[in-house]
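*Asks:* Sharing protein_4.pdb here; it has PDB, C-alpha atoms and all ligand atoms.
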ATOM      1  CA  MET B   1      10.814 -21.176  18.285
ATOM      2  CA  LEU B   2       9.133 -21.859  14.941
ATOM      3  CA  ILE B   3       8.551 -18.635  13.015
ATOM      4  CA  ASP B   4       7.103 -18.945   9.507
ATOM      5  CA  LEU B   5       6.549 -15.566   7.837
ATOM      6  CA  HIS B   6       5.169 -16.504   4.391
ATOM      7  CA  THR B   7       2.075 -18.681   3.749
ATOM      8  CA  HIS B   8      -0.942 -18.744   1.441
ATOM      9  CA  SER B   9      -4.603 -19.710   1.845
ATOM     10  CA  ILE B  10      -7.635 -19.911  -0.452
ATOM     11  CA  ALA B  11      -7.822 -16.109  -0.215
ATOM     12  CA  SER B  12      -5.307 -16.446  -3.072
ATOM     13  CA  ASP B  13      -3.768 -19.605  -4.538
ATOM     14  CA  GLY B  14      -3.276 -21.773  -1.452
ATOM     15  CA  THR B  15      -5.574 -24.748  -0.876
ATOM     16  CA  ASP B  16      -6.305 -24.435   2.870
ATOM     17  CA  SER B  17      -8.919 -22.034   4.197
ATOM     18  CA  PRO B  18      -7.434 -19.422   6.557
ATOM     19  CA  HIS B  19      -9.181 -21.326   9.368
ATOM     20  CA  ALA B  20      -7.629 -24.664   8.355
ATOM     21  CA  LEU B  21      -4.231 -22.989   7.996
ATOM     22  CA  ILE B  22      -4.405 -21.611  11.551
ATOM     23  CA  ASP B  23      -5.448 -25.042  12.878
ATOM     24  CA  LYS B  24      -2.571 -26.753  11.050
ATOM     25  CA  ALA B  25      -0.033 -24.192  12.205
ATOM     26  CA  ILE B  26      -1.136 -24.634  15.826
ATOM     27  CA  SER B  27      -0.971 -28.453  15.583
ATOM     28  CA  ARG B  28       2.451 -28.139  13.993
ATOM     29  CA  GLY B  29       3.617 -26.158  17.052
ATOM     30  CA  ILE B  30       4.333 -22.944  15.163
ATOM     31  CA  ASP B  31       4.949 -19.918  17.435
ATOM     32  CA  VAL B  32       4.603 -17.107  14.900
ATOM     33  CA  LEU B  33       2.728 -17.484  11.612
ATOM     34  CA  ALA B  34       2.254 -14.899   8.879
ATOM     35  CA  LEU B  35      -0.619 -15.113   6.395
ATOM     36  CA  THR B  36       0.570 -13.514   3.142
ATOM     37  CA  ASP B  37      -1.911 -14.081   0.333
ATOM     38  CA  HIS B  38      -1.146 -12.511  -3.047
ATOM     39  CA  ASP B  39      -2.419  -8.931  -3.440
ATOM     40  CA  THR B  40      -5.168  -9.169  -0.827
ATOM     41  CA  VAL B  41      -6.085  -8.936   2.845
ATOM     42  CA  GLY B  42      -9.158 -11.090   2.141
ATOM     43  CA  GLY B  43      -8.135 -13.918   4.493
ATOM     44  CA  TRP B  44      -7.296 -11.789   7.525
ATOM     45  CA  ASP B  45     -10.660 -11.755   9.316
ATOM     46  CA  GLU B  46     -11.174 -15.508   9.093
ATOM     47  CA  ALA B  47      -7.626 -16.133  10.338
ATOM     48  CA  ILE B  48      -8.107 -13.795  13.309
ATOM     49  CA  ARG B  49     -11.393 -15.493  14.220
ATOM     50  CA  ALA B  50      -9.878 -18.968  13.880
ATOM     51  CA  LEU B  51      -7.034 -18.028  16.236
ATOM     52  CA  ARG B  52      -9.341 -16.393  18.816
ATOM     53  CA  GLU B  53     -11.825 -19.296  18.736
ATOM     54  CA  HIS B  54      -9.268 -22.107  18.701
ATOM     55  CA  PRO B  55     -10.205 -24.649  21.403
ATOM     56  CA  SER B  56      -6.619 -25.032  22.641
ATOM     57  CA  HIS B  57      -5.046 -22.228  24.595
ATOM     58  CA  SER B  58      -2.441 -21.848  21.926
ATOM     59  CA  LYS B  59      -0.004 -18.982  22.305
ATOM     60  CA  MET B  60       0.632 -18.796  18.582
ATOM     61  CA  GLU B  61       0.991 -15.271  17.281
ATOM     62  CA  LEU B  62      -0.570 -14.298  13.956
ATOM     63  CA  VAL B  63       1.120 -11.792  11.691
ATOM     64  CA  LEU B  64      -1.126 -10.379   8.992
ATOM     65  CA  GLY B  65       0.329  -9.451   5.645
ATOM     66  CA  SER B  66       0.257  -9.865   1.895
ATOM     67  CA  GLU B  67       2.657 -10.881  -0.872
ATOM     68  CA  VAL B  68       2.526  -7.963  -3.271
ATOM     69  CA  SER B  69       3.065  -8.740  -6.965
ATOM     70  CA  CYS B  70       5.464  -6.182  -8.427
ATOM     71  CA  GLN B  71       7.141  -5.623 -11.755
ATOM     72  CA  ASP B  72      10.480  -4.036 -12.486
ATOM     73  CA  ASP B  73      11.039  -1.653 -15.462
ATOM     74  CA  ASP B  74      12.231  -4.541 -17.619
ATOM     75  CA  GLY B  75       9.176  -6.681 -16.832
ATOM     76  CA  THR B  76      10.868  -8.927 -14.238
ATOM     77  CA  SER B  77       8.316 -10.213 -11.724
ATOM     78  CA  ILE B  78       9.210  -9.391  -8.107
ATOM     79  CA  HIS B  79       7.296 -10.447  -4.980
ATOM     80  CA  MET B  80       7.300  -8.102  -1.983
ATOM     81  CA  LEU B  81       6.080  -9.366   1.379
ATOM     82  CA  GLY B  82       4.291  -6.657   3.342
ATOM     83  CA  LEU B  83       3.743  -7.531   7.011
ATOM     84  CA  LEU B  84       2.105  -5.719   9.926
ATOM     85  CA  PHE B  85       0.589  -2.914   7.841
ATOM     86  CA  ASP B  86      -2.678  -1.133   8.547
ATOM     87  CA  SER B  87      -5.314  -2.601   6.205
ATOM     88  CA  LYS B  88      -7.276   0.646   6.431
ATOM     89  CA  TYR B  89      -4.580   2.476   4.463
ATOM     90  CA  GLU B  90      -6.588   3.111   1.300
ATOM     91  CA  PRO B  91      -3.774   3.723  -1.254
ATOM     92  CA  LEU B  92      -2.317   0.261  -0.567
ATOM     93  CA  ILE B  93      -5.710  -1.466  -0.689
ATOM     94  CA  ALA B  94      -6.562   0.397  -3.922
ATOM     95  CA  GLU B  95      -3.310  -0.873  -5.441
ATOM     96  CA  PHE B  96      -4.238  -4.475  -4.488
ATOM     97  CA  GLU B  97      -7.634  -3.980  -6.145
ATOM     98  CA  LYS B  98      -6.064  -2.629  -9.314
ATOM     99  CA  THR B  99      -3.724  -5.628  -9.556
ATOM    100  CA  ARG B 100      -6.565  -8.086  -8.895
ATOM    101  CA  GLU B 101      -8.707  -6.494 -11.641
ATOM    102  CA  HIS B 102      -5.889  -6.766 -14.145
ATOM    103  CA  ARG B 103      -5.367 -10.406 -13.204
ATOM    104  CA  VAL B 104      -8.871 -11.083 -14.558
ATOM    105  CA  THR B 105      -8.281  -9.623 -18.053
ATOM    106  CA  ARG B 106      -4.874 -11.258 -18.137
ATOM    107  CA  MET B 107      -6.470 -14.658 -17.390
ATOM    108  CA  SER B 108      -8.905 -14.259 -20.319
ATOM    109  CA  ARG B 109      -5.961 -13.515 -22.601
ATOM    110  CA  ILE B 110      -3.987 -16.568 -21.437
ATOM    111  CA  ILE B 111      -7.101 -18.707 -21.963
ATOM    112  CA  ALA B 112      -7.559 -17.278 -25.468
ATOM    113  CA  ARG B 113      -4.006 -18.321 -26.322
ATOM    114  CA  LEU B 114      -4.569 -21.812 -24.941
ATOM    115  CA  ASN B 115      -7.840 -22.099 -26.904
ATOM    116  CA  GLU B 116      -6.058 -21.005 -30.108
ATOM    117  CA  ALA B 117      -3.611 -23.850 -29.556
ATOM    118  CA  GLY B 118      -6.556 -26.246 -29.291
ATOM    119  CA  ILE B 119      -6.587 -26.608 -25.519
ATOM    120  CA  ASP B 120     -10.186 -26.658 -24.371
ATOM    121  CA  ILE B 121     -10.637 -24.615 -21.188
ATOM    122  CA  THR B 122     -13.012 -21.794 -20.192
ATOM    123  CA  ILE B 123     -12.865 -18.894 -17.757
ATOM    124  CA  ASP B 124     -15.853 -20.364 -15.866
ATOM    125  CA  GLU B 125     -13.927 -23.592 -15.321
ATOM    126  CA  VAL B 126     -11.072 -21.522 -13.876
ATOM    127  CA  TYR B 127     -13.437 -19.573 -11.627
ATOM    128  CA  ALA B 128     -14.876 -22.852 -10.361
ATOM    129  CA  GLN B 129     -11.426 -23.568  -8.841
ATOM    130  CA  LYS B 130     -11.352 -20.586  -6.482
ATOM    131  CA  ARG B 131     -13.254 -18.892  -3.711
ATOM    132  CA  ASP B 132     -15.350 -15.929  -4.924
ATOM    133  CA  ASP B 133     -13.141 -13.179  -3.534
ATOM    134  CA  ALA B 134      -9.796 -14.973  -3.994
ATOM    135  CA  THR B 135      -7.003 -13.325  -5.967
ATOM    136  CA  LEU B 136      -7.097 -15.058  -9.352
ATOM    137  CA  GLY B 137      -3.822 -16.656 -10.424
ATOM    138  CA  ARG B 138      -2.252 -19.159 -12.756
ATOM    139  CA  PRO B 139      -2.558 -21.915 -10.109
ATOM    140  CA  HIS B 140      -6.381 -21.754 -10.514
ATOM    141  CA  LEU B 141      -5.956 -22.205 -14.256
ATOM    142  CA  ALA B 142      -3.588 -25.091 -13.486
ATOM    143  CA  ASP B 143      -6.265 -26.680 -11.270
ATOM    144  CA  ALA B 144      -8.847 -26.281 -14.061
ATOM    145  CA  LEU B 145      -6.453 -27.952 -16.519
ATOM    146  CA  VAL B 146      -6.050 -30.816 -14.027
ATOM    147  CA  ALA B 147      -9.841 -31.110 -13.563
ATOM    148  CA  LYS B 148     -10.235 -31.254 -17.351
ATOM    149  CA  GLY B 149      -7.634 -34.030 -17.616
ATOM    150  CA  HIS B 150      -5.143 -31.980 -19.647
ATOM    151  CA  VAL B 151      -2.403 -32.426 -17.030
ATOM    152  CA  ALA B 152      -1.885 -34.432 -13.852
ATOM    153  CA  SER B 153      -0.870 -31.691 -11.407
ATOM    154  CA  ARG B 154      -0.335 -27.975 -10.845
ATOM    155  CA  ASP B 155       3.357 -28.552 -11.280
ATOM    156  CA  GLU B 156       2.881 -30.268 -14.639
ATOM    157  CA  ALA B 157       0.550 -27.458 -15.772
ATOM    158  CA  PHE B 158       3.305 -24.933 -14.990
ATOM    159  CA  LYS B 159       6.006 -27.020 -16.647
ATOM    160  CA  ILE B 160       4.023 -27.516 -19.875
ATOM    161  CA  PHE B 161       1.810 -24.433 -20.247
ATOM    162  CA  LEU B 162       2.066 -21.787 -17.563
ATOM    163  CA  HIS B 163       5.714 -21.026 -16.711
ATOM    164  CA  ASN B 164       6.968 -17.460 -17.230
ATOM    165  CA  GLY B 165       8.856 -18.349 -20.407
ATOM    166  CA  SER B 166       5.880 -20.097 -22.016
ATOM    167  CA  LYS B 167       4.317 -18.796 -25.241
ATOM    168  CA  PHE B 168       1.030 -18.711 -23.327
ATOM    169  CA  TYR B 169       2.419 -16.452 -20.608
ATOM    170  CA  ILE B 170       1.067 -12.928 -20.226
ATOM    171  CA  ASN B 171       1.824 -10.664 -17.293
ATOM    172  CA  HIS B 172      -0.588  -8.327 -15.533
ATOM    173  CA  TYR B 173      -0.353  -4.797 -14.178
ATOM    174  CA  SER B 174       1.561  -4.622 -10.911
ATOM    175  CA  PRO B 175       3.224  -1.752  -9.077
ATOM    176  CA  SER B 176       6.966  -1.211  -9.189
ATOM    177  CA  PRO B 177       8.733  -2.736  -6.169
ATOM    178  CA  GLU B 178       9.703   0.793  -5.028
ATOM    179  CA  MET B 179       6.053   1.791  -4.999
ATOM    180  CA  ALA B 180       5.106  -1.358  -3.075
ATOM    181  CA  ILE B 181       7.781  -0.641  -0.441
ATOM    182  CA  ARG B 182       6.592   2.959  -0.133
ATOM    183  CA  LEU B 183       2.898   1.995   0.253
ATOM    184  CA  ILE B 184       3.623  -0.821   2.738
ATOM    185  CA  LYS B 185       5.718   1.543   4.856
ATOM    186  CA  GLU B 186       3.229   4.427   4.617
ATOM    187  CA  ALA B 187       0.703   1.890   5.961
ATOM    188  CA  GLY B 188       3.022   1.349   8.929
ATOM    189  CA  GLY B 189       4.245  -2.086   7.888
ATOM    190  CA  VAL B 190       7.534  -3.703   6.953
ATOM    191  CA  ALA B 191       8.695  -4.779   3.481
ATOM    192  CA  ILE B 192      10.672  -7.965   2.867
ATOM    193  CA  ILE B 193      11.647  -9.076  -0.606
ATOM    194  CA  ALA B 194      10.451 -12.656  -1.208
ATOM    195  CA  HIS B 195      12.728 -15.299  -2.796
ATOM    196  CA  PRO B 196      14.829 -12.719  -4.701
ATOM    197  CA  LEU B 197      17.286 -15.161  -6.265
ATOM    198  CA  ALA B 198      14.941 -18.031  -6.975
ATOM    199  CA  SER B 199      16.773 -19.147 -10.103
ATOM    200  CA  ARG B 200      15.258 -22.605  -9.610
ATOM    201  CA  SER B 201      11.869 -21.147 -10.493
ATOM    202  CA  GLY B 202      13.193 -18.699 -13.072
ATOM    203  CA  ARG B 203      12.857 -15.621 -10.898
ATOM    204  CA  THR B 204      16.100 -13.801 -10.384
ATOM    205  CA  ILE B 205      16.342 -10.153  -9.532
ATOM    206  CA  LYS B 206      19.260  -8.126 -10.905
ATOM    207  CA  PRO B 207      21.866  -6.996  -8.303
ATOM    208  CA  GLU B 208      21.338  -3.342  -9.247
ATOM    209  CA  THR B 209      17.578  -3.709  -8.712
ATOM    210  CA  LEU B 210      18.189  -5.117  -5.252
ATOM    211  CA  MET B 211      20.487  -2.180  -4.445
ATOM    212  CA  LYS B 212      17.802   0.223  -5.625
ATOM    213  CA  LEU B 213      15.256  -1.442  -3.313
ATOM    214  CA  ILE B 214      17.623  -1.287  -0.355
ATOM    215  CA  GLU B 215      17.943   2.460  -1.001
ATOM    216  CA  SER B 216      14.111   2.674  -1.147
ATOM    217  CA  GLY B 217      13.826   1.414   2.438
ATOM    218  CA  LEU B 218      13.589  -2.358   2.097
ATOM    219  CA  ASP B 219      13.464  -3.841   5.634
ATOM    220  CA  GLY B 220      14.408  -7.434   5.014
ATOM    221  CA  ILE B 221      15.390 -10.235   2.661
ATOM    222  CA  GLU B 222      13.839 -13.699   2.561
ATOM    223  CA  VAL B 223      17.042 -15.716   2.511
ATOM    224  CA  ASP B 224      15.978 -19.219   3.537
ATOM    225  CA  HIS B 225      13.449 -20.432   0.972
ATOM    226  CA  ARG B 226      13.311 -23.741  -0.905
ATOM    227  CA  ASP B 227      13.807 -22.011  -4.256
ATOM    228  CA  HIS B 228      17.250 -20.683  -3.186
ATOM    229  CA  SER B 229      20.420 -22.703  -3.630
ATOM    230  CA  GLU B 230      23.127 -22.719  -0.922
ATOM    231  CA  ILE B 231      25.181 -20.238  -2.955
ATOM    232  CA  GLU B 232      22.207 -17.904  -3.379
ATOM    233  CA  ARG B 233      21.540 -18.039   0.353
ATOM    234  CA  SER B 234      25.083 -17.124   1.306
ATOM    235  CA  GLU B 235      25.135 -14.313  -1.220
ATOM    236  CA  LEU B 236      21.868 -12.882   0.150
ATOM    237  CA  LEU B 237      23.023 -13.298   3.751
ATOM    238  CA  ARG B 238      26.190 -11.353   2.989
ATOM    239  CA  LEU B 239      24.148  -8.591   1.368
ATOM    240  CA  ALA B 240      21.718  -8.448   4.317
ATOM    241  CA  ILE B 241      24.594  -8.152   6.808
ATOM    242  CA  GLU B 242      26.332  -5.518   4.707
ATOM    243  CA  HIS B 243      23.193  -3.346   4.577
ATOM    244  CA  ASP B 244      21.890  -4.164   8.064
ATOM    245  CA  LEU B 245      18.694  -5.775   6.753
ATOM    246  CA  VAL B 246      16.576  -8.334   8.575
ATOM    247  CA  VAL B 247      17.036 -11.932   7.392
ATOM    248  CA  THR B 248      13.970 -14.153   7.168
ATOM    249  CA  GLY B 249      13.292 -17.773   6.310
ATOM    250  CA  SER B 250       9.894 -19.186   5.468
ATOM    251  CA  SER B 251       7.937 -21.968   3.849
ATOM    252  CA  ASP B 252       5.802 -20.185   1.221
ATOM    253  CA  TYR B 253       3.263 -22.888   2.065
ATOM    254  CA  HIS B 254       0.403 -23.299  -0.472
ATOM    255  CA  GLY B 255      -1.432 -26.323   1.034
ATOM    256  CA  THR B 256      -1.478 -29.165  -1.486
ATOM    257  CA  GLY B 257      -0.740 -26.708  -4.315
ATOM    258  CA  LYS B 258       3.015 -27.046  -3.824
ATOM    259  CA  LEU B 259       5.432 -29.365  -2.042
ATOM    260  CA  ASN B 260       6.374 -26.631   0.477
ATOM    261  CA  GLN B 261       5.615 -27.768   4.042
ATOM    262  CA  LEU B 262       4.732 -25.429   6.915
ATOM    263  CA  ALA B 263       7.847 -24.230   8.754
ATOM    264  CA  GLU B 264      10.225 -26.079   6.414
ATOM    265  CA  PHE B 265      12.301 -22.887   6.695
ATOM    266  CA  THR B 266      11.956 -20.486   9.605
ATOM    267  CA  THR B 267      13.072 -17.092  10.837
ATOM    268  CA  ASN B 268      15.456 -16.587  13.734
ATOM    269  CA  PRO B 269      13.656 -15.084  16.811
ATOM    270  CA  GLN B 270      16.078 -12.139  17.080
ATOM    271  CA  GLN B 271      15.525 -11.301  13.429
ATOM    272  CA  TRP B 272      11.761 -11.468  13.950
ATOM    273  CA  GLU B 273      12.033  -9.180  16.983
ATOM    274  CA  ARG B 274      13.939  -6.619  14.918
ATOM    275  CA  LEU B 275      11.396  -6.810  12.133
ATOM    276  CA  GLU B 276       8.411  -6.398  14.418
ATOM    277  CA  ALA B 277      10.016  -3.352  16.026
ATOM    278  CA  LYS B 278      10.227  -1.679  12.609
ATOM    279  CA  ALA B 279       6.422  -1.541  12.206
ATOM    280  CA  ASN B 280       4.834   1.696  13.432
ATOM    281  CA  ALA B 281       2.431  -0.119  15.813
ATOM    282  CA  ARG B 282       2.139  -3.477  17.560
ATOM    283  CA  ARG B 283      -0.142  -5.342  15.191
ATOM    284  CA  VAL B 284       0.600  -8.983  16.030
ATOM    285  CA  VAL B 285      -2.632 -10.851  16.790
ATOM    286  CA  ARG B 286      -2.768 -13.003  19.902
ATOM    287  CA  ARG B 287      -5.584 -15.137  21.220
TER     288      ARG B 287
HETATM  289  P1  LIG S   1       0.460 -15.686 -10.871
HETATM  290  O1  LIG S   1       0.315 -15.002  -9.541
HETATM  291  O2  LIG S   1      -0.862 -15.866 -11.540
HETATM  292  O3  LIG S   1       1.481 -15.057 -11.770
HETATM  293  O4  LIG S   1       0.982 -17.151 -10.554
HETATM  294  C1  LIG S   1       2.152 -17.305  -9.784
HETATM  295  C2  LIG S   1       1.945 -18.303  -8.667
HETATM  296  O5  LIG S   1       2.012 -19.600  -9.196
HETATM  297  C3  LIG S   1       3.007 -18.214  -7.600
HETATM  298  O6  LIG S   1       2.479 -17.686  -6.431
HETATM  299  C4  LIG S   1       3.434 -19.622  -7.333
HETATM  300  O7  LIG S   1       3.162 -19.996  -6.013
HETATM  301  C5  LIG S   1       2.608 -20.481  -8.258
HETATM  302  N1  LIG S   1       3.488 -21.433  -8.963
HETATM  303  C6  LIG S   1       4.536 -21.137  -9.748
HETATM  304  N2  LIG S   1       5.104 -22.265 -10.217
HETATM  305  C7  LIG S   1       4.400 -23.304  -9.700
HETATM  306  C8  LIG S   1       4.498 -24.729  -9.782
HETATM  307  N3  LIG S   1       5.430 -25.325 -10.539
HETATM  308  N4  LIG S   1       3.606 -25.473  -9.089
HETATM  309  C9  LIG S   1       2.651 -24.892  -8.336
HETATM  310  N5  LIG S   1       2.505 -23.553  -8.220
HETATM  311  C10 LIG S   1       3.367 -22.763  -8.888
HETATM  312 ZN    ZN S   2       1.262 -18.374  -4.840
HETATM  313 FE    FE S   3       6.163 -15.540  -4.401
HETATM  314 FE    FE S   4       4.353 -16.885  -1.903
END
Can you give me the file's structure in the form of structure tokens?
*Replies:*
Amino acid sequence: MLIDLHTHSIASDGTDSPHALIDKAISRGIDVLALTDHDTVGGWDEAIRALREHPSHSKMELVLGSEVSCQDDDGTSIHMLGLLFDSKYEPLIAEFEKTREHRVTRMSRIIARLNEAGIDITIDEVYAQKRDDATLGRPHLADALVAKGHVASRDEAFKIFLHNGSKFYINHYSPSPEMAIRLIKEAGGVAIIAHPLASRSGRTIKPETLMKLIESGLDGIEVDHRDHSEIERSELLRLAIEHDLVVTGSSDYHGTGKLNQLAEFTTNPQQWERLEAKANARRVVRR
């Protein structure tokens, strides 16, 4: 069984359309795929249609979700995967909209800093890199910098200009992780913390924060992820067992935007079964 519970499409900063992503996942033989674009449900409808209209009689199951950008009190960025929630739950959708709006002003401010440093790039050039309704993110700015010839790749853009420690970095409004967990669960879904100890990409959550989230009703921990070292994985696994949390593994696939390949890490079927049972309704989409 291949179960991949974390992927992105052009509804945020991935490079495949939801339709293309579904087609690729089916060709790859994936059994359960989650679409988890940043702060949006904008790709859901296209993904559902692509699955229903797929010419093969694929039995792949589609799990709809979102990767919710969150911020801790001290400004640490935390990503919370929400899966199987009801997209008609207005308070959660309103929170996504608020975050997406603030991503726009934040982008103008990052661009102003780049311009001050003599790097020629405009907001229109960034917008040209994304679908109209897509959640705006630094990867679109990275693509614009590539198109302009300033850098060779998204990765280089992050290394030189866009990483979290950069002098050009500015964050945007996002809910606290506790609030994200509460909203996801009020919407009937399940909350899994994404890559919590990703020291390789400079994102490491403090142990006390993780404890606080477990007390707030966190359902699972993404343990197997390319940004985690072996030591980080065993530490997270121990924590998940200790607190009876679901353990997931996933690719965090972004199309050609990152090296991550579909299903490079996967979730154990029993763990997936437990997770699905925690949602307040059966929301998995089948053909
Ligand atoms: P933002 O949401 O605007 O803060 O941008 C964060 C996104 O940038 C994350 O979802 C990552 O997938 C992406 N990202 C971070 N580092 C890199 C990198 N080195 N190469 C490509 N994408 C990256
Ligand atoms: Zn991303
Ligand atoms: Fe993430
Ligand atoms: Fe992600």
*Asks:* Given all atoms listed in the file as the basis, pick out the residue of B:Asp45, B:Ala187, B:Glu242, B:Ala198 nearest to Glu230 in chain B.
*Replies:*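 Answer, going by the shortest atom-to-atom distance: B:Ala198.
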*Asks:* Restricting the calculation to only C-alpha atoms: of B:Ile78, B:Leu210, B:Ala263, B:Ala191, which residue gets closest to Arg226 in chain B?
*Replies:*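 Ranked by minimum distance to Arg226 in chain B, first place goes to B:Ala263.
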*Asks:* I'd like the contact shell of Ser250 in chain B - 7 Å cut-off, all atoms listed in the file, skipping same-chain residues fewer than 2 positions apart - returned as a PDB file with C-alpha atoms, keeping the file's coordinate frame.
*Replies:*
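Wrote selection08.pdb, looks like this:
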ATOM      1  CA  ASP B   4       7.103 -18.945   9.507  1.00  0.00           C
ATOM      2  CA  LEU B   5       6.549 -15.566   7.837  1.00  0.00           C
ATOM      3  CA  HIS B   6       5.169 -16.504   4.391  1.00  0.00           C
ATOM      4  CA  ASP B 224      15.978 -19.219   3.537  1.00  0.00           C
ATOM      5  CA  HIS B 225      13.449 -20.432   0.972  1.00  0.00           C
ATOM      6  CA  THR B 248      13.970 -14.153   7.168  1.00  0.00           C
ATOM      7  CA  ASP B 252       5.802 -20.185   1.221  1.00  0.00           C
ATOM      8  CA  ALA B 263       7.847 -24.230   8.754  1.00  0.00           C
ATOM      9  CA  GLU B 264      10.225 -26.079   6.414  1.00  0.00           C
ATOM     10  CA  PHE B 265      12.301 -22.887   6.695  1.00  0.00           C
ATOM     11  CA  THR B 266      11.956 -20.486   9.605  1.00  0.00           C
ATOM     12  CA  THR B 267      13.072 -17.092  10.837  1.00  0.00           C
TER      13      THR B 267
END
*Asks:* When the PyMOL selection byres (((chain B and resi 82-97) around 10) and not hetatm) is applied to the file above, which residues end up in the set, as a count of residues only?
*Replies:* 57
*Asks:* Using all atoms listed in the file, which protein or nucleic acid residues come within 6 Å of Gly220 in chain B? Drop anything in the same chain fewer than 2 positions from it, and give the result as a list of chain:residue names.
*Replies:*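 Answer for this query is B:Ile192, B:Leu218, B:Leu245, B:Val246, B:Val247.
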*Asks:* Find the smallest box with edges along x, y and z containing every listed atom of range 149-162 of chain B, then add 5 Å on each side and report centre and edge lengths in Å to one decimal, as JSON.
*Replies:*
{"center_x": -0.8, "center_y": -28.1, "center_z": -15.5, "size_x": 23.6, "size_y": 22.6, "size_z": 19.4}
*Asks:* Let me see if you get this right: every residue at most 6 Å from ligand LIG 1 (chain S), counting only C-alpha atoms and all ligand atoms, written as number ranges by chain.
*Replies:* B: 137-139, 154-155, 158, 257-258
*Asks:* Only N, CA, C and O atoms, please: range 212-224 of chain B from the block, as a compact mmCIF listing (two decimals), in the first residue's frame.
*Replies:*
# COMPACT_ATOMS: atom_id res chain seq x y z
N LYS B 212 2.54 21.30 24.14
CA LYS B 212 1.37 22.17 24.19
C LYS B 212 0.37 21.76 23.09
O LYS B 212 -0.85 21.71 23.34
N LEU B 213 0.88 21.42 21.91
CA LEU B 213 0.01 21.05 20.80
C LEU B 213 -0.64 19.68 21.04
O LEU B 213 -1.79 19.44 20.69
N ILE B 214 0.12 18.79 21.66
CA ILE B 214 -0.43 17.47 22.00
C ILE B 214 -1.59 17.66 22.97
O ILE B 214 -2.66 17.06 22.81
N GLU B 215 -1.41 18.56 23.93
CA GLU B 215 -2.49 18.85 24.90
C GLU B 215 -3.68 19.53 24.21
O GLU B 215 -4.81 19.43 24.69
N SER B 216 -3.43 20.23 23.09
CA SER B 216 -4.52 20.90 22.36
C SER B 216 -5.27 19.97 21.43
O SER B 216 -6.13 20.42 20.67
N GLY B 217 -4.90 18.68 21.39
CA GLY B 217 -5.67 17.73 20.60
C GLY B 217 -5.04 17.32 19.28
O GLY B 217 -5.71 16.77 18.40
N LEU B 218 -3.74 17.57 19.14
CA LEU B 218 -3.03 17.12 17.93
C LEU B 218 -3.31 15.63 17.70
O LEU B 218 -3.26 14.84 18.63
N ASP B 219 -3.61 15.25 16.43
CA ASP B 219 -3.92 13.84 16.14
C ASP B 219 -2.70 13.04 15.69
O ASP B 219 -2.65 11.84 15.91
N GLY B 220 -1.78 13.71 15.03
CA GLY B 220 -0.66 12.94 14.49
C GLY B 220 0.59 13.77 14.26
O GLY B 220 0.57 14.99 14.30
N ILE B 221 1.69 13.04 14.03
CA ILE B 221 2.98 13.67 13.75
C ILE B 221 3.53 13.12 12.44
O ILE B 221 3.58 11.89 12.24
N GLU B 222 3.95 14.01 11.55
CA GLU B 222 4.61 13.59 10.32
C GLU B 222 6.06 13.26 10.69
O GLU B 222 6.85 14.16 10.93
N VAL B 223 6.34 11.98 10.76
CA VAL B 223 7.65 11.53 11.22
C VAL B 223 8.60 11.32 10.04
O VAL B 223 9.74 11.79 10.04
N ASP B 224 8.12 10.57 9.04
CA ASP B 224 8.97 10.26 7.89
C ASP B 224 8.82 11.32 6.82
O ASP B 224 7.80 11.38 6.11
